[in-house]
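Okay, data_9.cif now, which holds mmCIF, C-alpha atoms:
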```cif
data_run
#
loop_
_atom_site.label_atom_id
_atom_site.label_comp_id
_atom_site.auth_asym_id
_atom_site.auth_seq_id
_atom_site.Cartn_x
_atom_site.Cartn_y
_atom_site.Cartn_z
CA MET F 1 0.00 0.00 0.00
CA LYS F 2 2.84 2.38 0.84
CA SER F 3 4.45 1.82 -2.58
CA ILE F 4 1.11 2.48 -4.32
CA ARG F 5 0.72 5.76 -2.43
CA SER F 6 4.26 6.73 -3.32
CA LEU F 7 3.59 6.00 -7.00
CA TRP F 8 0.39 8.06 -6.90
CA ALA F 9 2.24 10.97 -5.27
CA LEU F 10 4.96 10.77 -7.92
CA LEU F 11 2.39 10.84 -10.73
CA VAL F 12 0.65 13.90 -9.26
CA LEU F 13 3.93 15.72 -8.62
CA THR F 14 5.05 15.04 -12.19
CA ALA F 15 1.74 16.34 -13.52
CA VAL F 16 1.94 19.46 -11.34
CA ALA F 17 5.52 20.13 -12.42
CA THR F 18 4.51 19.87 -16.08
CA LEU F 19 1.56 22.17 -15.52
CA ALA F 20 3.63 24.70 -13.57
CA VAL F 21 5.67 25.31 -16.70
CA ALA F 22 2.54 25.64 -18.84
CA CYS F 23 0.89 28.11 -16.39
CA SER F 24 3.98 30.23 -15.76
CA ASP F 25 3.90 33.96 -16.50
CA ASP F 26 4.71 34.96 -20.03
CA VAL F 27 7.07 37.93 -19.81
CA GLU F 28 6.19 39.00 -23.33
CA VAL F 29 2.50 39.16 -22.39
CA VAL F 30 3.24 41.31 -19.32
CA GLU F 31 5.33 43.66 -21.42
CA GLU F 32 2.40 43.98 -23.86
CA ARG F 33 0.22 45.29 -21.03
CA LEU F 34 2.88 47.79 -19.96
CA VAL F 35 2.66 49.53 -23.32
CA HIS F 36 0.49 52.66 -23.01
CA ASP F 37 -3.01 51.98 -24.36
CA PRO F 38 -4.48 55.13 -25.95
CA PHE F 39 -7.66 56.45 -24.34
CA ASP F 40 -9.91 59.47 -24.71
CA ALA F 41 -11.03 60.05 -21.16
CA ARG F 42 -10.51 58.99 -17.57
CA ILE F 43 -13.83 59.05 -15.70
CA ASP F 44 -14.22 58.00 -12.07
CA GLY F 45 -11.01 56.00 -12.17
CA LEU F 46 -11.67 54.13 -15.44
CA CYS F 47 -10.14 54.82 -18.85
CA TYR F 48 -12.38 54.87 -21.93
CA ARG F 49 -12.20 55.11 -25.67
CA LEU F 50 -15.12 57.25 -26.81
CA SER F 51 -16.94 57.41 -30.12
CA PRO F 52 -18.92 60.67 -30.45
CA GLU F 53 -20.40 59.41 -33.73
CA THR F 54 -22.06 56.37 -32.13
CA GLY F 55 -22.23 57.48 -28.53
CA VAL F 56 -20.44 54.29 -27.45
CA ALA F 57 -17.75 53.97 -24.76
CA VAL F 58 -15.28 51.11 -24.38
CA VAL F 59 -13.32 50.46 -21.19
CA THR F 60 -9.59 50.27 -21.88
CA ALA F 61 -6.35 49.78 -19.95
CA GLY F 62 -5.14 53.28 -20.51
CA ASP F 63 -2.25 53.97 -18.18
CA ILE F 64 -3.78 52.38 -15.08
CA TYR F 65 -3.37 49.08 -13.24
CA TYR F 66 -6.85 48.65 -11.80
CA ALA F 67 -7.19 47.30 -8.24
CA GLY F 68 -9.81 46.39 -5.66
CA ASP F 69 -13.49 46.19 -6.56
CA VAL F 70 -14.35 47.81 -9.89
CA VAL F 71 -17.86 48.83 -10.94
CA ILE F 72 -18.30 49.65 -14.63
CA PRO F 73 -21.28 51.96 -15.21
CA GLU F 74 -23.83 51.57 -18.00
CA GLU F 75 -23.29 55.17 -19.06
CA VAL F 76 -20.65 57.85 -18.70
CA VAL F 77 -20.80 61.59 -19.36
CA TYR F 78 -17.86 63.43 -20.89
CA GLU F 79 -17.83 67.06 -21.95
CA GLY F 80 -21.60 67.21 -21.83
CA MET F 81 -22.19 64.10 -23.99
CA THR F 82 -23.58 60.81 -22.67
CA TYR F 83 -21.94 57.58 -23.82
CA ARG F 84 -23.31 54.07 -23.42
CA VAL F 85 -20.68 51.57 -22.22
CA GLU F 86 -20.87 48.63 -24.63
CA GLY F 87 -17.43 47.05 -24.55
CA ILE F 88 -14.26 46.12 -22.69
CA ALA F 89 -11.15 46.35 -24.83
CA ASP F 90 -8.49 43.70 -25.40
CA LYS F 91 -6.18 43.45 -22.34
CA ALA F 92 -8.14 46.16 -20.50
CA PHE F 93 -7.52 44.58 -17.08
CA MET F 94 -4.66 42.25 -17.99
CA ALA F 95 -2.07 41.71 -15.24
CA CYS F 96 -3.98 43.85 -12.74
CA GLU F 97 -2.75 41.65 -9.91
CA LYS F 98 -4.68 43.45 -7.13
CA LEU F 99 -8.05 43.43 -8.89
CA ARG F 100 -10.58 41.56 -6.70
CA SER F 101 -13.91 41.88 -8.50
CA VAL F 102 -15.54 43.50 -11.51
CA ARG F 103 -19.19 44.38 -11.95
CA ILE F 104 -19.99 44.51 -15.67
CA PRO F 105 -23.23 46.24 -16.74
CA GLN F 106 -25.79 44.55 -18.99
CA SER F 107 -25.06 47.17 -21.65
CA VAL F 108 -21.72 45.48 -22.44
CA LYS F 109 -21.93 43.11 -25.39
CA GLU F 110 -18.24 42.62 -26.24
CA ILE F 111 -15.28 41.71 -24.00
CA GLY F 112 -11.92 41.63 -25.72
CA GLY F 113 -9.30 38.90 -25.67
CA ARG F 114 -7.00 38.71 -22.65
CA ALA F 115 -9.26 41.25 -20.93
CA PHE F 116 -8.67 39.77 -17.45
CA MET F 117 -5.64 37.60 -18.14
CA MET F 118 -3.31 37.12 -15.14
CA CYS F 119 -5.59 38.92 -12.68
CA TYR F 120 -4.39 36.60 -9.93
CA ALA F 121 -6.60 38.04 -7.17
CA LEU F 122 -9.80 38.22 -9.23
CA ARG F 123 -12.47 36.23 -7.40
CA GLU F 124 -15.74 37.49 -8.80
CA VAL F 125 -16.99 38.67 -12.18
CA ALA F 126 -20.52 38.58 -13.57
CA LEU F 127 -20.74 38.36 -17.34
CA PRO F 128 -23.49 40.35 -19.11
CA ALA F 129 -26.47 38.60 -20.69
CA ARG F 130 -25.78 40.07 -24.16
CA LEU F 131 -22.35 38.45 -24.51
CA LYS F 132 -22.04 36.08 -27.48
CA VAL F 133 -18.33 35.17 -27.44
CA ILE F 134 -15.81 34.69 -24.64
CA ARG F 135 -12.60 35.67 -26.38
CA GLY F 136 -9.26 33.90 -26.32
CA GLU F 137 -7.42 33.98 -22.98
CA THR F 138 -10.04 36.27 -21.42
CA PHE F 139 -9.58 34.75 -17.96
CA SER F 140 -6.32 32.88 -18.54
CA ASN F 141 -4.33 32.45 -15.30
CA CYS F 142 -7.01 33.99 -13.09
CA SER F 143 -5.91 31.63 -10.38
CA SER F 144 -8.35 32.87 -7.67
CA LEU F 145 -11.50 32.75 -9.80
CA ALA F 146 -13.57 30.06 -8.09
CA ALA F 147 -16.86 30.37 -9.99
CA ILE F 148 -18.11 31.70 -13.31
CA SER F 149 -21.63 31.85 -14.69
CA ILE F 150 -21.55 31.68 -18.46
CA PRO F 151 -24.64 33.48 -19.85
CA GLU F 152 -27.15 31.60 -21.98
CA SER F 153 -26.44 34.09 -24.78
CA VAL F 154 -22.87 32.80 -25.32
CA GLU F 155 -22.34 30.87 -28.56
CA GLU F 156 -18.56 30.38 -28.56
CA ILE F 157 -15.71 30.11 -26.06
CA GLU F 158 -12.36 30.74 -27.71
CA ALA F 159 -8.93 29.19 -27.11
CA SER F 160 -7.48 29.27 -23.58
CA ALA F 161 -10.39 31.37 -22.29
CA PHE F 162 -10.12 29.81 -18.80
CA PHE F 163 -6.60 28.38 -19.08
CA CYS F 164 -5.09 27.64 -15.64
CA CYS F 165 -7.99 29.03 -13.62
CA ALA F 166 -6.74 26.91 -10.75
CA SER F 167 -9.58 27.69 -8.29
CA LEU F 168 -12.49 27.08 -10.66
CA VAL F 169 -14.62 24.28 -9.19
CA SER F 170 -17.47 23.73 -11.64
CA VAL F 171 -18.52 24.87 -15.09
CA THR F 172 -21.77 24.69 -17.01
CA ILE F 173 -21.44 25.43 -20.72
CA PRO F 174 -24.84 26.61 -22.00
CA ASN F 175 -26.54 24.71 -24.79
CA ARG F 176 -26.21 27.59 -27.26
CA VAL F 177 -22.40 27.16 -27.25
CA SER F 178 -21.47 25.25 -30.42
CA LYS F 179 -17.69 25.73 -30.30
CA ILE F 180 -15.03 25.80 -27.60
CA GLY F 181 -11.38 26.48 -28.31
CA TRP F 182 -8.04 24.78 -27.81
CA ARG F 183 -6.91 24.56 -24.16
CA CYS F 184 -10.16 26.18 -23.09
CA PHE F 185 -10.06 24.78 -19.53
CA THR F 186 -6.55 23.30 -19.43
CA GLY F 187 -4.97 23.42 -15.99
CA CYS F 188 -8.18 24.10 -14.04
CA THR F 189 -6.75 21.98 -11.26
CA SER F 190 -9.72 22.38 -8.86
CA LEU F 191 -12.40 21.65 -11.47
CA ILE F 192 -14.59 18.83 -10.16
CA SER F 193 -17.54 18.86 -12.52
CA VAL F 194 -18.37 20.12 -15.98
CA THR F 195 -21.64 20.13 -17.90
CA LEU F 196 -21.10 20.30 -21.64
CA SER F 197 -23.29 22.02 -24.21
CA GLU F 198 -25.53 19.74 -26.26
CA SER F 199 -24.65 21.82 -29.35
CA LEU F 200 -21.00 20.81 -29.39
CA THR F 201 -19.75 18.57 -32.18
CA THR F 202 -16.02 18.65 -31.35
CA LEU F 203 -14.02 18.74 -28.14
CA PRO F 204 -10.77 20.51 -29.07
CA GLU F 205 -7.18 19.64 -28.28
CA GLU F 206 -6.26 19.71 -24.56
CA CYS F 207 -9.59 21.32 -23.65
CA PHE F 208 -9.67 19.72 -20.18
CA ALA F 209 -6.07 18.49 -19.88
CA HIS F 210 -4.49 18.61 -16.41
CA CYS F 211 -7.84 19.04 -14.62
CA PHE F 212 -6.61 16.96 -11.70
CA LYS F 213 -9.89 16.85 -9.71
CA LEU F 214 -12.31 16.22 -12.58
CA SER F 215 -13.92 12.97 -11.49
CA ALA F 216 -16.57 12.26 -14.11
CA VAL F 217 -17.62 13.52 -17.51
CA THR F 218 -20.55 12.79 -19.79
CA ILE F 219 -19.88 13.75 -23.38
CA PRO F 220 -23.22 14.63 -24.97
CA GLU F 221 -24.78 13.05 -28.02
CA GLY F 222 -23.87 15.12 -31.05
CA VAL F 223 -20.14 15.15 -30.40
CA VAL F 224 -18.43 13.41 -33.33
CA HIS F 225 -14.75 14.10 -32.61
CA ILE F 226 -12.53 14.40 -29.53
CA ALA F 227 -9.21 16.01 -30.40
CA PRO F 228 -5.76 14.93 -29.10
CA HIS F 229 -5.05 15.07 -25.36
CA ALA F 230 -8.51 16.49 -24.56
CA PHE F 231 -8.54 14.85 -21.10
CA ASN F 232 -4.84 14.07 -20.72
CA ASN F 233 -3.66 13.89 -17.11
CA CYS F 234 -7.12 14.07 -15.55
CA VAL F 235 -5.84 11.88 -12.74
CA SER F 236 -9.17 11.72 -10.83
CA LEU F 237 -11.36 10.87 -13.83
CA ALA F 238 -13.09 7.65 -12.83
CA GLY F 239 -16.37 7.89 -14.73
CA LEU F 240 -16.63 8.28 -18.47
CA THR F 241 -19.61 8.19 -20.84
CA LEU F 242 -18.96 8.45 -24.57
CA PRO F 243 -21.83 9.19 -26.99
CA HIS F 244 -23.06 6.98 -29.81
CA SER F 245 -22.56 9.92 -32.18
CA LEU F 246 -18.78 9.73 -31.70
CA ARG F 247 -16.80 8.95 -34.86
CA SER F 248 -13.17 9.64 -34.00
CA MET F 249 -10.71 10.37 -31.19
CA GLY F 250 -7.21 11.81 -31.48
CA ARG F 251 -3.88 10.92 -29.91
CA GLY F 252 -3.72 10.45 -26.15
CA VAL F 253 -7.25 11.69 -25.42
CA PHE F 254 -7.39 9.89 -22.05
CA ALA F 255 -3.67 9.32 -21.47
CA ASN F 256 -2.61 9.39 -17.80
CA CYS F 257 -6.19 9.24 -16.51
CA THR F 258 -4.91 7.09 -13.68
CA ALA F 259 -8.25 6.66 -11.85
CA LEU F 260 -10.21 5.46 -14.89
CA THR F 261 -11.34 1.86 -14.25
CA SER F 262 -13.41 1.07 -17.35
CA ALA F 263 -14.25 2.45 -20.77
CA VAL F 264 -16.78 1.63 -23.46
CA VAL F 265 -15.71 2.80 -26.91
CA PRO F 266 -18.98 3.06 -28.88
CA ALA F 267 -19.46 0.98 -32.01
CA SER F 268 -19.90 4.24 -33.94
CA VAL F 269 -16.18 5.07 -33.57
CA GLU F 270 -14.26 4.55 -36.81
CA GLU F 271 -10.84 6.02 -36.00
CA VAL F 272 -8.68 6.61 -32.94
CA GLY F 273 -5.18 7.96 -32.50
CA ALA F 274 -2.21 6.44 -30.70
CA LEU F 275 -1.85 6.25 -26.91
CA LEU F 276 -5.62 6.61 -26.33
CA PHE F 277 -5.59 5.07 -22.82
CA SER F 278 -1.84 4.96 -22.20
CA GLU F 279 -0.76 5.02 -18.55
CA CYS F 280 -4.34 4.57 -17.29
CA LYS F 281 -3.05 2.61 -14.31
CA SER F 282 -6.48 1.58 -12.95
CA LEU F 283 -8.08 0.56 -16.24
CA ALA F 284 -9.35 -3.00 -15.88
CA ALA F 285 -12.11 -3.38 -18.47
CA VAL F 286 -12.57 -2.01 -22.01
CA SER F 287 -15.11 -2.51 -24.78
CA TRP F 288 -13.32 -2.14 -28.13
CA PRO F 289 -15.13 -2.07 -31.54
CA LEU F 290 -12.37 -1.22 -34.04
CA PRO F 291 -10.43 -3.64 -36.29
CA THR F 292 -7.07 -2.15 -35.21
CA ILE F 293 -5.62 -1.45 -31.78
CA PRO F 294 -3.29 1.49 -32.53
CA GLU F 295 0.18 2.26 -31.23
CA GLY F 296 0.44 2.46 -27.46
CA THR F 297 -3.33 2.29 -26.88
CA PHE F 298 -3.01 0.48 -23.54
CA LYS F 299 0.67 1.13 -22.85
CA GLY F 300 1.39 1.11 -19.12
CA CYS F 301 -2.15 0.06 -18.13
CA THR F 302 -1.03 -1.94 -15.11
CA GLY F 303 -4.64 -2.53 -13.99
CA LEU F 304 -5.15 -4.97 -16.87
CA LYS F 305 -4.74 -8.47 -15.48
CA THR F 306 -6.72 -10.25 -18.18
CA PHE F 307 -7.62 -8.98 -21.61
CA GLU F 308 -9.73 -10.48 -24.35
CA VAL F 309 -9.08 -8.87 -27.71
CA PRO F 310 -12.51 -8.99 -29.37
CA GLU F 311 -13.33 -10.92 -32.51
CA GLY F 312 -13.05 -8.59 -35.49
CA VAL F 313 -9.70 -7.13 -34.54
CA THR F 314 -7.21 -7.82 -37.33
CA ARG F 315 -4.12 -5.88 -36.21
CA ILE F 316 -2.39 -4.98 -32.94
CA CYS F 317 0.12 -2.16 -33.43
CA ILE F 318 3.49 -1.41 -31.87
CA ASP F 319 3.48 -0.98 -28.08
CA ALA F 320 -0.30 -1.44 -27.93
CA PHE F 321 0.01 -3.35 -24.62
CA SER F 322 3.64 -2.65 -23.72
CA GLU F 323 4.43 -2.13 -20.02
CA CYS F 324 1.20 -3.88 -18.94
CA SER F 325 3.28 -5.49 -16.26
CA LEU F 326 0.41 -7.23 -14.41
CA LEU F 327 -1.22 -8.79 -17.47
CA VAL F 328 -1.44 -12.53 -16.77
CA THR F 329 -3.95 -13.86 -19.29
CA LEU F 330 -4.36 -12.75 -22.88
CA THR F 331 -6.93 -13.89 -25.46
CA LEU F 332 -6.36 -13.23 -29.17
CA PRO F 333 -9.21 -13.71 -31.68
CA GLY F 334 -9.35 -15.82 -34.80
CA SER F 335 -9.68 -12.66 -36.88
CA LEU F 336 -6.21 -11.42 -35.87
CA THR F 337 -3.69 -11.54 -38.73
CA THR F 338 -0.97 -9.03 -37.81
CA ILE F 339 0.90 -8.13 -34.62
CA ASP F 340 3.54 -5.41 -34.68
CA SER F 341 6.88 -5.58 -32.92
CA GLY F 342 6.76 -4.59 -29.25
CA ALA F 343 3.00 -5.07 -29.01
CA PHE F 344 3.40 -6.88 -25.66
CA ARG F 345 6.83 -5.56 -24.69
CA ASN F 346 7.64 -5.87 -20.95
CA CYS F 347 4.41 -7.71 -20.08
CA ASP F 348 6.54 -9.84 -17.79
CA ALA F 349 3.64 -11.38 -15.79
CA LEU F 350 2.09 -12.95 -18.89
CA ARG F 351 1.57 -16.68 -18.32
CA GLU F 352 -1.43 -17.79 -20.41
CA VAL F 353 -2.08 -16.82 -24.05
CA TYR F 354 -5.11 -18.08 -25.92
CA CYS F 355 -4.79 -17.56 -29.68
CA TYR F 356 -7.80 -18.66 -31.74
CA GLY F 357 -6.25 -18.06 -35.14
CA GLU F 358 -6.23 -21.09 -37.43
CA THR F 359 -3.64 -19.08 -39.37
CA VAL F 360 -0.67 -17.92 -37.31
CA PRO F 361 -0.68 -14.11 -36.76
CA VAL F 362 2.52 -12.56 -38.11
CA LEU F 363 4.51 -9.34 -38.11
CA PRO F 364 4.27 -7.07 -41.14
CA TYR F 365 8.03 -7.67 -41.42
CA ALA F 366 9.56 -11.02 -40.52
CA PHE F 367 13.04 -9.99 -39.31
CA ASP F 368 11.86 -8.90 -35.83
CA ALA F 369 9.32 -11.58 -34.98
CA ASP F 370 10.74 -12.11 -31.48
CA GLY F 371 10.01 -8.45 -30.69
CA ILE F 372 6.30 -9.09 -30.23
CA PHE F 373 6.97 -10.45 -26.74
CA GLU F 374 10.17 -8.52 -26.01
CA ASN F 375 11.29 -8.95 -22.38
CA VAL F 376 8.46 -11.40 -21.70
CA PRO F 377 9.51 -14.81 -20.31
CA ILE F 378 7.32 -16.76 -22.72
CA ASP F 379 9.45 -19.84 -22.09
CA LYS F 380 7.59 -19.99 -18.77
CA SER F 381 4.18 -19.42 -20.37
CA THR F 382 1.57 -21.60 -22.05
CA LEU F 383 0.16 -20.92 -25.50
CA HIS F 384 -3.30 -22.33 -26.26
CA VAL F 385 -4.14 -22.67 -29.98
CA PRO F 386 -6.61 -24.58 -32.20
CA ALA F 387 -5.69 -28.27 -32.44
CA SER F 388 -5.39 -28.04 -36.21
CA ALA F 389 -2.76 -25.28 -35.93
CA VAL F 390 -0.46 -26.61 -33.18
CA GLY F 391 2.20 -27.64 -35.69
CA ALA F 392 2.18 -24.25 -37.41
CA TYR F 393 2.69 -22.38 -34.12
CA GLN F 394 5.47 -24.81 -33.10
CA THR F 395 7.47 -23.86 -36.19
CA THR F 396 6.82 -20.10 -36.29
CA ALA F 397 8.61 -17.41 -34.27
CA PRO F 398 7.94 -16.02 -31.75
CA TRP F 399 5.23 -18.55 -30.92
CA ASN F 400 7.66 -21.46 -30.88
CA GLY F 401 9.40 -19.80 -27.94
CA PHE F 402 6.53 -20.59 -25.54
CA GLY F 403 7.32 -23.16 -22.87
CA ARG F 404 4.19 -25.15 -23.73
CA ILE F 405 1.95 -25.11 -26.79
CA VAL F 406 -1.31 -26.96 -26.23
CA ALA F 407 -4.54 -27.51 -28.11
CA ILE F 408 -7.60 -25.53 -27.01
CA ASN F 409 -10.19 -27.91 -25.60
#
```
Translate this structure into structure tokens?
Amino acid sequence: MKSIRSLWALLVLTAVATLAVACSDDVEVVEERLVHDPFDARIDGLCYRLSPETGVAVVTAGDIYYAGDVVIPEEVVYEGMTYRVEGIADKAFMACEKLRSVRIPQSVKEIGGRAFMMCYALREVALPARLKVIRGETFSNCSSLAAISIPESVEEIEASAFFCCASLVSVTIPNRVSKIGWRCFTGCTSLISVTLSESLTTLPEECFAHCFKLSAVTIPEGVVHIAPHAFNNCVSLAGLTLPHSLRSMGRGVFANCTALTSAVVPASVEEVGALLFSECKSLAAVSWPLPTIPEGTFKGCTGLKTFEVPEGVTRICIDAFSECSLLVTLTLPGSLTTIDSGAFRNCDALREVYCYGETVPVLPYAFDADGIFENVPIDKSTLHVPASAVGAYQTTAPWNGFGRIVAIN
């Protein structure tokens, strides 16, 4: 038990160290904010750009680092003319490290990118009901922001909008949202629950990566693609529901989800990338519908003690089950024709292999046949094969290296 706890601690520390680099301050970004932002007026402590032609005011950074609790009015008066406040400019509050809260009026319908980026003390902000887009990096690195209510009016959340919001606990993405951007919620290390919009068709790359406390996720019907590393390093993710609309998943979507115990890949899925469940240490049961098990799919899944490759699978790719060090019993279907080198590398607990192929499965290249079971003591293992094929297995590498080859009863 002590060694398991130590391993868990090491995995979390490694994940945190990786994330610390990703969430570190970007000096170039800070320098951007230090550049004077032109403004037309300073009114009650806020800088504005004013348009006399339209009567519209936009809050801007100006030459101020805002602090404390800021209240943006619906209207301002300057030189006898009234202006309606309808926007917050790009980087308006960026790197205002002492900003605690912002009250945004309902008149605002546009908030620029990076508007609140790196406001480390920001705890509270209410978004206006007219907002349609949350721009890229709007709240990136707002590490004290514990809650956010996304208005029903929002239709898109752009890349890195909530990147490394380390205090954010839960998120509900309204059903009008049809698109979320790359790294949208990456590094939200306190995020426990998320409700996804039913209008989404794609979950983008790394959208929930490194969300260490995310324990369960239901991906709604309508989603057809999950991009690479979408849930990478979600070390508490134990519950997973994938929709029947799903068609494809990218590389490493659930890699390092060390609490995940089971997964059902829907029959609708036609393509998956490499390393899909790699290093999912607790994974013990999987439903698999595809004809190929790609590179590194179950690499390092030490929770697998038995595995039955389903009928219909024709190829197992390189490293598909490598480092599954507790795998004892393996069943290979009659449909299997090709196994790549290293497919079962370092599966050193393997003792029973049931292979139902009347025709011996082979490598796509013959010179490295022994590599299928590299560093596996197959001389101490038993291979079970159809009675009619015993002779063929006895004369074909690497199968002839098994300690015993017996007919399946």
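One distance worth recording is that between atom CA of F:Ile72 and atom CA of F:Thr186, which is 29.2 Å.
Proximity ranking of F:Val406, F:Ala238, F:Leu332, F:Leu168 relative to F:Thr261 places F:Ala238 first, based on all atoms listed in the file.
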For this session: Could you give me, as number ranges by chain, the residues that sit within 8 Å of (-9.0, 5.1, -35.4) in the file's coordinates, counting all atoms listed in the file?
Result: F: 248-250, 269-273, 290, 292, 294
Can I get the selection written as a PDB file, keeping the file's coordinate frame, with C-alpha atoms?
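Generated file (part_8.pdb):
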```pdb
ATOM      1  CA  SER F 248     -13.170   9.640 -34.000  1.00  0.00           C
ATOM      2  CA  MET F 249     -10.710  10.370 -31.190  1.00  0.00           C
ATOM      3  CA  GLY F 250      -7.210  11.810 -31.480  1.00  0.00           C
ATOM      4  CA  VAL F 269     -16.180   5.070 -33.570  1.00  0.00           C
ATOM      5  CA  GLU F 270     -14.260   4.550 -36.810  1.00  0.00           C
ATOM      6  CA  GLU F 271     -10.840   6.020 -36.000  1.00  0.00           C
ATOM      7  CA  VAL F 272      -8.680   6.610 -32.940  1.00  0.00           C
ATOM      8  CA  GLY F 273      -5.180   7.960 -32.500  1.00  0.00           C
ATOM      9  CA  LEU F 290     -12.370  -1.220 -34.040  1.00  0.00           C
ATOM     10  CA  THR F 292      -7.070  -2.150 -35.210  1.00  0.00           C
ATOM     11  CA  PRO F 294      -3.290   1.490 -32.530  1.00  0.00           C
TER      12      PRO F 294
END
```
Problem set entry | Residue among F:Ala320, F:Ile43, F:Met94, F:Cys257 lying closest to F:Ser140, counting all atoms listed in the file | F:Met94
Quick one: axis-aligned box around all listed atoms of stretch 353-365 of chain F, 8 Å on every side, centre and edge lengths in Å to one decimal, written as lines of an AutoDock Vina configuration file.
```
center_x = 0.1
center_y = -14.1
center_z = -32.7
size_x = 31.8
size_y = 30.0
size_z = 33.4
```
For this session: Mind checking which residues fall within 10 Å of stretch 49-52 of chain F, counting only C-alpha atoms, ignoring those fewer than 2 positions away in the same chain, and posting them as an MDAnalysis selection string?
Result: chainID F and resid 37:42 47 54:62 76 78 81:85 87:89
Taking C-alpha atoms for each residue, export the selection above as an mmCIF file, keeping the file's coordinate frame.
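The resulting result-v1.cif:
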```
data_model
loop_
_atom_site.group_PDB
_atom_site.id
_atom_site.type_symbol
_atom_site.label_atom_id
_atom_site.label_comp_id
_atom_site.auth_asym_id
_atom_site.auth_seq_id
_atom_site.Cartn_x
_atom_site.Cartn_y
_atom_site.Cartn_z
ATOM 1 C CA ASP F 37 -3.010 51.980 -24.360
ATOM 2 C CA PRO F 38 -4.480 55.130 -25.950
ATOM 3 C CA PHE F 39 -7.660 56.450 -24.340
ATOM 4 C CA ASP F 40 -9.910 59.470 -24.710
ATOM 5 C CA ALA F 41 -11.030 60.050 -21.160
ATOM 6 C CA ARG F 42 -10.510 58.990 -17.570
ATOM 7 C CA CYS F 47 -10.140 54.820 -18.850
ATOM 8 C CA THR F 54 -22.060 56.370 -32.130
ATOM 9 C CA GLY F 55 -22.230 57.480 -28.530
ATOM 10 C CA VAL F 56 -20.440 54.290 -27.450
ATOM 11 C CA ALA F 57 -17.750 53.970 -24.760
ATOM 12 C CA VAL F 58 -15.280 51.110 -24.380
ATOM 13 C CA VAL F 59 -13.320 50.460 -21.190
ATOM 14 C CA THR F 60 -9.590 50.270 -21.880
ATOM 15 C CA ALA F 61 -6.350 49.780 -19.950
ATOM 16 C CA GLY F 62 -5.140 53.280 -20.510
ATOM 17 C CA VAL F 76 -20.650 57.850 -18.700
ATOM 18 C CA TYR F 78 -17.860 63.430 -20.890
ATOM 19 C CA MET F 81 -22.190 64.100 -23.990
ATOM 20 C CA THR F 82 -23.580 60.810 -22.670
ATOM 21 C CA TYR F 83 -21.940 57.580 -23.820
ATOM 22 C CA ARG F 84 -23.310 54.070 -23.420
ATOM 23 C CA VAL F 85 -20.680 51.570 -22.220
ATOM 24 C CA GLY F 87 -17.430 47.050 -24.550
ATOM 25 C CA ILE F 88 -14.260 46.120 -22.690
ATOM 26 C CA ALA F 89 -11.150 46.350 -24.830
#
```
For this session: Let me know the residues the PyMOL selection byres ((chain F and resi 137) around 7) catches in the file above, as an MDAnalysis selection string.
Result: chainID F and resid 113:114 117 135:136 138:140 159:163
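The space separating atom CA of F:Ala166 from atom CA of F:Ala255 comes to 20.8 Å.
As for atom CA of F:Thr337 and atom CA of F:Thr396, they are spaced 13.8 Å apart.
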Exercise. Which one is closest to F:Leu363: F:Thr297, F:Ser341, F:Asn375, F:Ser278? Count only C-alpha atoms.
Worked result: F:Ser341
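For the choices F:Ser335, F:Thr172, F:Gln394, F:Ser262, the atom-to-atom distance to F:Pro291 is smallest for F:Ser335 when using all atoms listed in the file.
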Exercise. Do you know which residues are at most 12 Å from F:Asn233 counting only C-alpha atoms, after dropping those on the same chain fewer than 2 positions away, and could you put them as a PyMOL selection string?
Worked result: chain F and resi 11-16+18-19+186-189+206-215+229-231+235-237+252-260+276-281
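Near F:Thr201, within a cut-off of 9 Å and counting all atoms listed in the file, sit the residues Ser178, Lys179, Pro220, Glu221, Gly222, Val223, Val224, His225, Ile226 and Leu246 of chain F, with same-chain residues fewer than 4 positions away left out.
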For this session: Output the residue selection produced by the PyMOL selection byres ((chain F and resi 328) around 10) on the file above, formatted as a PyMOL selection string.
Result: chain F and resi 304-307+324-327+329-330+347-353+381
Exercise. Could you name the residues that touch F:Gly391 at 12 Å or less, counting all atoms listed in the file, but leaving out those on the same chain fewer than 5 positions away, as a PyMOL selection string?
Worked result: chain F and resi 358-360+385-386+396+399-400+405-407
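Residues matched by the PyMOL selection byres ((chain F and resi 99) around 6) in this file are Ala67, Gly68, Cys96, Glu97, Lys98, Arg100, Ala121 and Leu122 of chain F.
Every polymer residue reaching to within 6 Å of (1.9, 0.0, -19.0), counting all atoms listed in the file, appears in this list: Glu279, Lys299, Gly300, Cys301, Thr302, Ser322, Glu323 and Cys324 of chain F.
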Selection file, C-alpha atoms, as a compact mmCIF listing (two decimals), in the frame of the given file:
```txt
# COMPACT_ATOMS: atom_id res chain seq x y z
CA GLU F 279 -0.76 5.02 -18.55
CA LYS F 299 0.67 1.13 -22.85
CA GLY F 300 1.39 1.11 -19.12
CA CYS F 301 -2.15 0.06 -18.13
CA THR F 302 -1.03 -1.94 -15.11
CA SER F 322 3.64 -2.65 -23.72
CA GLU F 323 4.43 -2.13 -20.02
CA CYS F 324 1.20 -3.88 -18.94
```
Seminar exercise, completed: Shortest contact to F:Phe344, candidates F:Pro228, F:Pro243, F:Gly296, F:Gly303, atoms counted all atoms listed in the file, goes to F:Gly296
